[in-house]
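Just below is one structure, and these are the notes that go with it.
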Amino acid sequence: MDDLHGKTALVTGASRGIGRAVAAALARAGSHVAINYYTREKEALETLALVRETGQRGLLVQADVSNSSETLEMTHTVERELGRVQILVNNAGIVLQKGLNEITEQDWDRVLAVNLKSAFLVTQAVFQGMRELHWGRIVNISSVAAQTGGITAPPYVASKAGLWGLTH
Ligand SMILES: NC(=O)c1ccc[n+]([C@@H]2O[C@H](COP(=O)([O-])OP(=O)(O)OC[C@H]3O[C@@H](n4cnc5c(N)ncnc54)[C@H](OP(=O)(O)O)[C@@H]3O)[C@@H](O)[C@H]2O)c1
């Protein structure tokens, strides 16, 4: 990865899994990293420790990224504590394992909100800052399921295909 010394990154869903690995890699490349999590504070603290081990600054920000007011508050906190977000990784996501007949309207709305709307909300919240800095990177974590379908349920697949469109 390029030298990202002194940049500020925000990784959504970084309490575990891919988000944690991305947060740690960004810190090793020199970024300060804001670690968003939703429910797992203990795991998020472990990610924070990985970031701080590198000597970079880290910050925990709890928020449901499918919620616009929580997302705005989160980005304001990051800006206040670490500076404007220059690197955004829209990683937070949930999987649903249900057959078509079992999926409820609420299931559909929740998966689309957490996996797709969140990327729009967080991007919108940080985008103006990137424009003013004339520098920014946004990475949206989709899935091979966007092209292939597979064992994950239709709303998951649709949300990940939607991320491709948003990215374009
Ligand atoms: N793992 C795979 O094989 C795979 C393959 C293709 C694509 N992906 C995509 O890669 C991303 C990460 O996958 P993963 O397997 O590492 O996921 P994971 O281990 O299940 O972790 C999901 C993360 O998203 C967070 N999250 C869930 N709902 C949230 C919400 N409403 N607001 C904020 N954060 C929320 C969780 O926070 P808490 O734990 O704090 O609640 C957690 O940090 C996802 O977008 C997934 O669709 C994964």
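Chain labels follow the order of the structure tokens: the first chain is A, the next B, and so on; residue numbering restarts at 1 in every chain, and ligands are counted from 1 in their shown order.
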Excluding Leu100 (chain A) and residues on its chain fewer than 3 positions from it, collect all residues at most 10 Å away from it, counting only C-alpha atoms, and give them as a list in words.
Gln97, Ile103, Thr104, Ala153, Pro154 and Pro155 of chain A
Identify, counting only C-alpha atoms and all ligand atoms, the protein, DNA and RNA residues located within 7 Å of ligand 1, and give them as a PyMOL selection string.
chain A and resi 12-19+36-41+44+63-66+91-95+114-115+141-144
Top pick for closest residue to Val139 (chain A), considering A:Ala34, A:Asn90, A:Ala125, A:Thr77 and counting only C-alpha atoms:
A:Asn90
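In this structure, CA of Gly6 (chain A) sits 18.9 Å away from CA of Thr47 (chain A).
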Which is closest to Ala23 (chain A) among A:Phe120, A:Lys98, A:Val89, A:Val78, if we use only C-alpha atoms?
A:Val89
Can you pull out every residue within 10 Å of region 134-138 of chain A, counting only C-alpha atoms, but drop anything in the same chain fewer than 3 positions away, and send it as a list in words?
Lys7, Thr8, Ala9, Leu10, Val85, Gln86, Ile87, Leu88, Val89, Asn90, Ala119, Thr123, Val126, Phe127, Gln128, Gly129, Met130, Arg131, Ile141 and Thr167 of chain A
Output for the residues just chosen: N, CA, C and O atoms as an mmCIF file, in the first residue's frame:
data_model
loop_
_atom_site.group_PDB
_atom_site.id
_atom_site.type_symbol
_atom_site.label_atom_id
_atom_site.label_comp_id
_atom_site.auth_asym_id
_atom_site.auth_seq_id
_atom_site.Cartn_x
_atom_site.Cartn_y
_atom_site.Cartn_z
ATOM 1 N N LYS A 7 -2.578 10.683 7.003
ATOM 2 C CA LYS A 7 -3.962 10.744 6.521
ATOM 3 C C LYS A 7 -4.905 10.300 7.640
ATOM 4 O O LYS A 7 -4.509 9.579 8.554
ATOM 5 N N THR A 8 -6.169 10.698 7.495
ATOM 6 C CA THR A 8 -7.196 10.226 8.426
ATOM 7 C C THR A 8 -8.159 9.312 7.684
ATOM 8 O O THR A 8 -8.691 9.682 6.633
ATOM 9 N N ALA A 9 -8.335 8.106 8.229
ATOM 10 C CA ALA A 9 -9.211 7.110 7.599
ATOM 11 C C ALA A 9 -10.374 6.792 8.534
ATOM 12 O O ALA A 9 -10.237 6.832 9.760
ATOM 13 N N LEU A 10 -11.502 6.468 7.921
ATOM 14 C CA LEU A 10 -12.669 5.977 8.669
ATOM 15 C C LEU A 10 -13.067 4.640 8.055
ATOM 16 O O LEU A 10 -13.298 4.558 6.841
ATOM 17 N N VAL A 85 -11.940 13.420 7.203
ATOM 18 C CA VAL A 85 -11.759 12.063 6.675
ATOM 19 C C VAL A 85 -11.240 12.143 5.248
ATOM 20 O O VAL A 85 -11.875 12.743 4.376
ATOM 21 N N GLN A 86 -10.089 11.537 5.008
ATOM 22 C CA GLN A 86 -9.510 11.518 3.659
ATOM 23 C C GLN A 86 -9.666 10.158 2.988
ATOM 24 O O GLN A 86 -9.627 10.056 1.775
ATOM 25 N N ILE A 87 -9.784 9.124 3.838
ATOM 26 C CA ILE A 87 -9.964 7.768 3.312
ATOM 27 C C ILE A 87 -11.183 7.169 4.003
ATOM 28 O O ILE A 87 -11.244 7.107 5.236
ATOM 29 N N LEU A 88 -12.164 6.778 3.216
ATOM 30 C CA LEU A 88 -13.371 6.157 3.767
ATOM 31 C C LEU A 88 -13.481 4.737 3.222
ATOM 32 O O LEU A 88 -13.434 4.536 2.002
ATOM 33 N N VAL A 89 -13.656 3.786 4.116
ATOM 34 C CA VAL A 89 -13.904 2.406 3.682
ATOM 35 C C VAL A 89 -15.296 2.015 4.180
ATOM 36 O O VAL A 89 -15.530 1.868 5.383
ATOM 37 N N ASN A 90 -16.225 1.924 3.233
ATOM 38 C CA ASN A 90 -17.596 1.508 3.546
ATOM 39 C C ASN A 90 -17.626 -0.019 3.572
ATOM 40 O O ASN A 90 -17.800 -0.671 2.544
ATOM 41 N N ALA A 119 -23.592 3.305 2.838
ATOM 42 C CA ALA A 119 -22.460 3.791 2.037
ATOM 43 C C ALA A 119 -22.770 5.171 1.466
ATOM 44 O O ALA A 119 -21.902 6.048 1.422
ATOM 45 N N THR A 123 -20.689 8.434 2.811
ATOM 46 C CA THR A 123 -20.003 9.144 1.723
ATOM 47 C C THR A 123 -20.463 10.595 1.666
ATOM 48 O O THR A 123 -19.649 11.525 1.576
ATOM 49 N N VAL A 126 -18.867 12.815 4.322
ATOM 50 C CA VAL A 126 -17.436 13.157 4.271
ATOM 51 C C VAL A 126 -17.005 13.788 2.939
ATOM 52 O O VAL A 126 -15.901 14.304 2.828
ATOM 53 N N PHE A 127 -17.873 13.735 1.951
ATOM 54 C CA PHE A 127 -17.467 14.072 0.582
ATOM 55 C C PHE A 127 -17.032 15.532 0.426
ATOM 56 O O PHE A 127 -16.025 15.834 -0.231
ATOM 57 N N GLN A 128 -17.775 16.451 1.041
ATOM 58 C CA GLN A 128 -17.439 17.867 0.898
ATOM 59 C C GLN A 128 -16.039 18.149 1.446
ATOM 60 O O GLN A 128 -15.265 18.916 0.852
ATOM 61 N N GLY A 129 -15.714 17.494 2.556
ATOM 62 C CA GLY A 129 -14.375 17.670 3.133
ATOM 63 C C GLY A 129 -13.298 17.209 2.169
ATOM 64 O O GLY A 129 -12.249 17.857 2.019
ATOM 65 N N MET A 130 -13.525 16.095 1.477
ATOM 66 C CA MET A 130 -12.539 15.600 0.501
ATOM 67 C C MET A 130 -12.383 16.588 -0.654
ATOM 68 O O MET A 130 -11.272 16.851 -1.118
ATOM 69 N N ARG A 131 -13.505 17.131 -1.099
ATOM 70 C CA ARG A 131 -13.438 18.107 -2.208
ATOM 71 C C ARG A 131 -12.591 19.308 -1.790
ATOM 72 O O ARG A 131 -11.768 19.795 -2.558
ATOM 73 N N ILE A 141 -16.993 -1.884 -0.070
ATOM 74 C CA ILE A 141 -16.780 -3.333 -0.044
ATOM 75 C C ILE A 141 -18.058 -4.031 -0.531
ATOM 76 O O ILE A 141 -19.054 -4.111 0.187
ATOM 77 N N THR A 167 -20.940 3.156 -6.590
ATOM 78 C CA THR A 167 -19.517 3.426 -6.819
ATOM 79 C C THR A 167 -19.318 4.089 -8.185
ATOM 80 O O THR A 167 -18.559 5.067 -8.304
#
For Thr71 (chain A), which of A:Asn101, A:Ser31, A:Gln124, A:Thr54 is the closest residue, counting only C-alpha atoms?
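Using only C-alpha atoms, the shortest distance to Thr71 (chain A) belongs to A:Gln124.
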Just asking: which residues within chain A are strand (DSSP E or B) according to DSSP, as a compact mmCIF listing (two decimals) with N, CA and C atoms, in the first residue's frame?
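Below you can see out-v2.txt, which holds the result:
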# COMPACT_ATOMS: atom_id res chain seq x y z
N THR A 8 -6.17 10.70 7.49
CA THR A 8 -7.20 10.23 8.43
C THR A 8 -8.16 9.31 7.68
N ALA A 9 -8.34 8.11 8.23
CA ALA A 9 -9.21 7.11 7.60
C ALA A 9 -10.37 6.79 8.53
N LEU A 10 -11.50 6.47 7.92
CA LEU A 10 -12.67 5.98 8.67
C LEU A 10 -13.07 4.64 8.05
N VAL A 11 -13.13 3.61 8.89
CA VAL A 11 -13.54 2.29 8.42
C VAL A 11 -14.82 1.92 9.14
N HIS A 32 -4.05 7.66 10.54
CA HIS A 32 -4.84 7.63 11.77
C HIS A 32 -6.18 7.00 11.40
N VAL A 33 -6.73 6.20 12.30
CA VAL A 33 -7.90 5.42 11.89
C VAL A 33 -9.06 5.55 12.89
N ALA A 34 -10.20 5.96 12.37
CA ALA A 34 -11.44 5.93 13.14
C ALA A 34 -12.12 4.59 12.89
N ILE A 35 -12.45 3.92 13.97
CA ILE A 35 -12.99 2.56 13.92
C ILE A 35 -14.47 2.62 14.29
N ASN A 36 -15.31 2.48 13.28
CA ASN A 36 -16.75 2.43 13.56
C ASN A 36 -17.15 1.01 13.95
N TYR A 37 -18.05 0.94 14.92
CA TYR A 37 -18.64 -0.35 15.27
C TYR A 37 -20.10 -0.10 15.63
N GLY A 58 -5.86 6.33 17.00
CA GLY A 58 -7.09 5.58 16.71
C GLY A 58 -8.23 6.15 17.52
N LEU A 59 -9.43 5.93 17.04
CA LEU A 59 -10.62 6.46 17.72
C LEU A 59 -11.77 5.49 17.49
N LEU A 60 -12.49 5.17 18.56
CA LEU A 60 -13.70 4.34 18.41
C LEU A 60 -14.90 5.23 18.21
N VAL A 61 -15.72 4.91 17.21
CA VAL A 61 -16.96 5.67 17.01
C VAL A 61 -18.12 4.69 16.83
N GLN A 62 -18.98 4.64 17.84
CA GLN A 62 -20.14 3.75 17.78
C GLN A 62 -21.24 4.45 16.99
N ILE A 87 -9.78 9.12 3.84
CA ILE A 87 -9.96 7.77 3.31
C ILE A 87 -11.18 7.17 4.00
N LEU A 88 -12.16 6.78 3.22
CA LEU A 88 -13.37 6.16 3.77
C LEU A 88 -13.48 4.74 3.22
N VAL A 89 -13.66 3.79 4.12
CA VAL A 89 -13.90 2.41 3.68
C VAL A 89 -15.30 2.01 4.18
N ASN A 90 -16.23 1.92 3.23
CA ASN A 90 -17.60 1.51 3.55
C ASN A 90 -17.63 -0.02 3.57
N ARG A 137 -10.17 9.25 -0.93
CA ARG A 137 -10.31 7.88 -1.46
C ARG A 137 -11.52 7.23 -0.77
N ILE A 138 -12.39 6.64 -1.56
CA ILE A 138 -13.55 5.95 -1.01
C ILE A 138 -13.55 4.52 -1.54
N VAL A 139 -13.59 3.57 -0.64
CA VAL A 139 -13.59 2.15 -1.02
C VAL A 139 -14.90 1.54 -0.52
N ASN A 140 -15.67 1.00 -1.44
CA ASN A 140 -16.92 0.32 -1.07
C ASN A 140 -16.70 -1.18 -1.16
Out of region 6-162 of chain A, which residues get alpha helix (DSSP H) from DSSP, as a VMD selection string?
chain A and resid 17 to 28 41 to 53 68 to 82 105 to 112 118 to 133 145 to 148 154 to 162
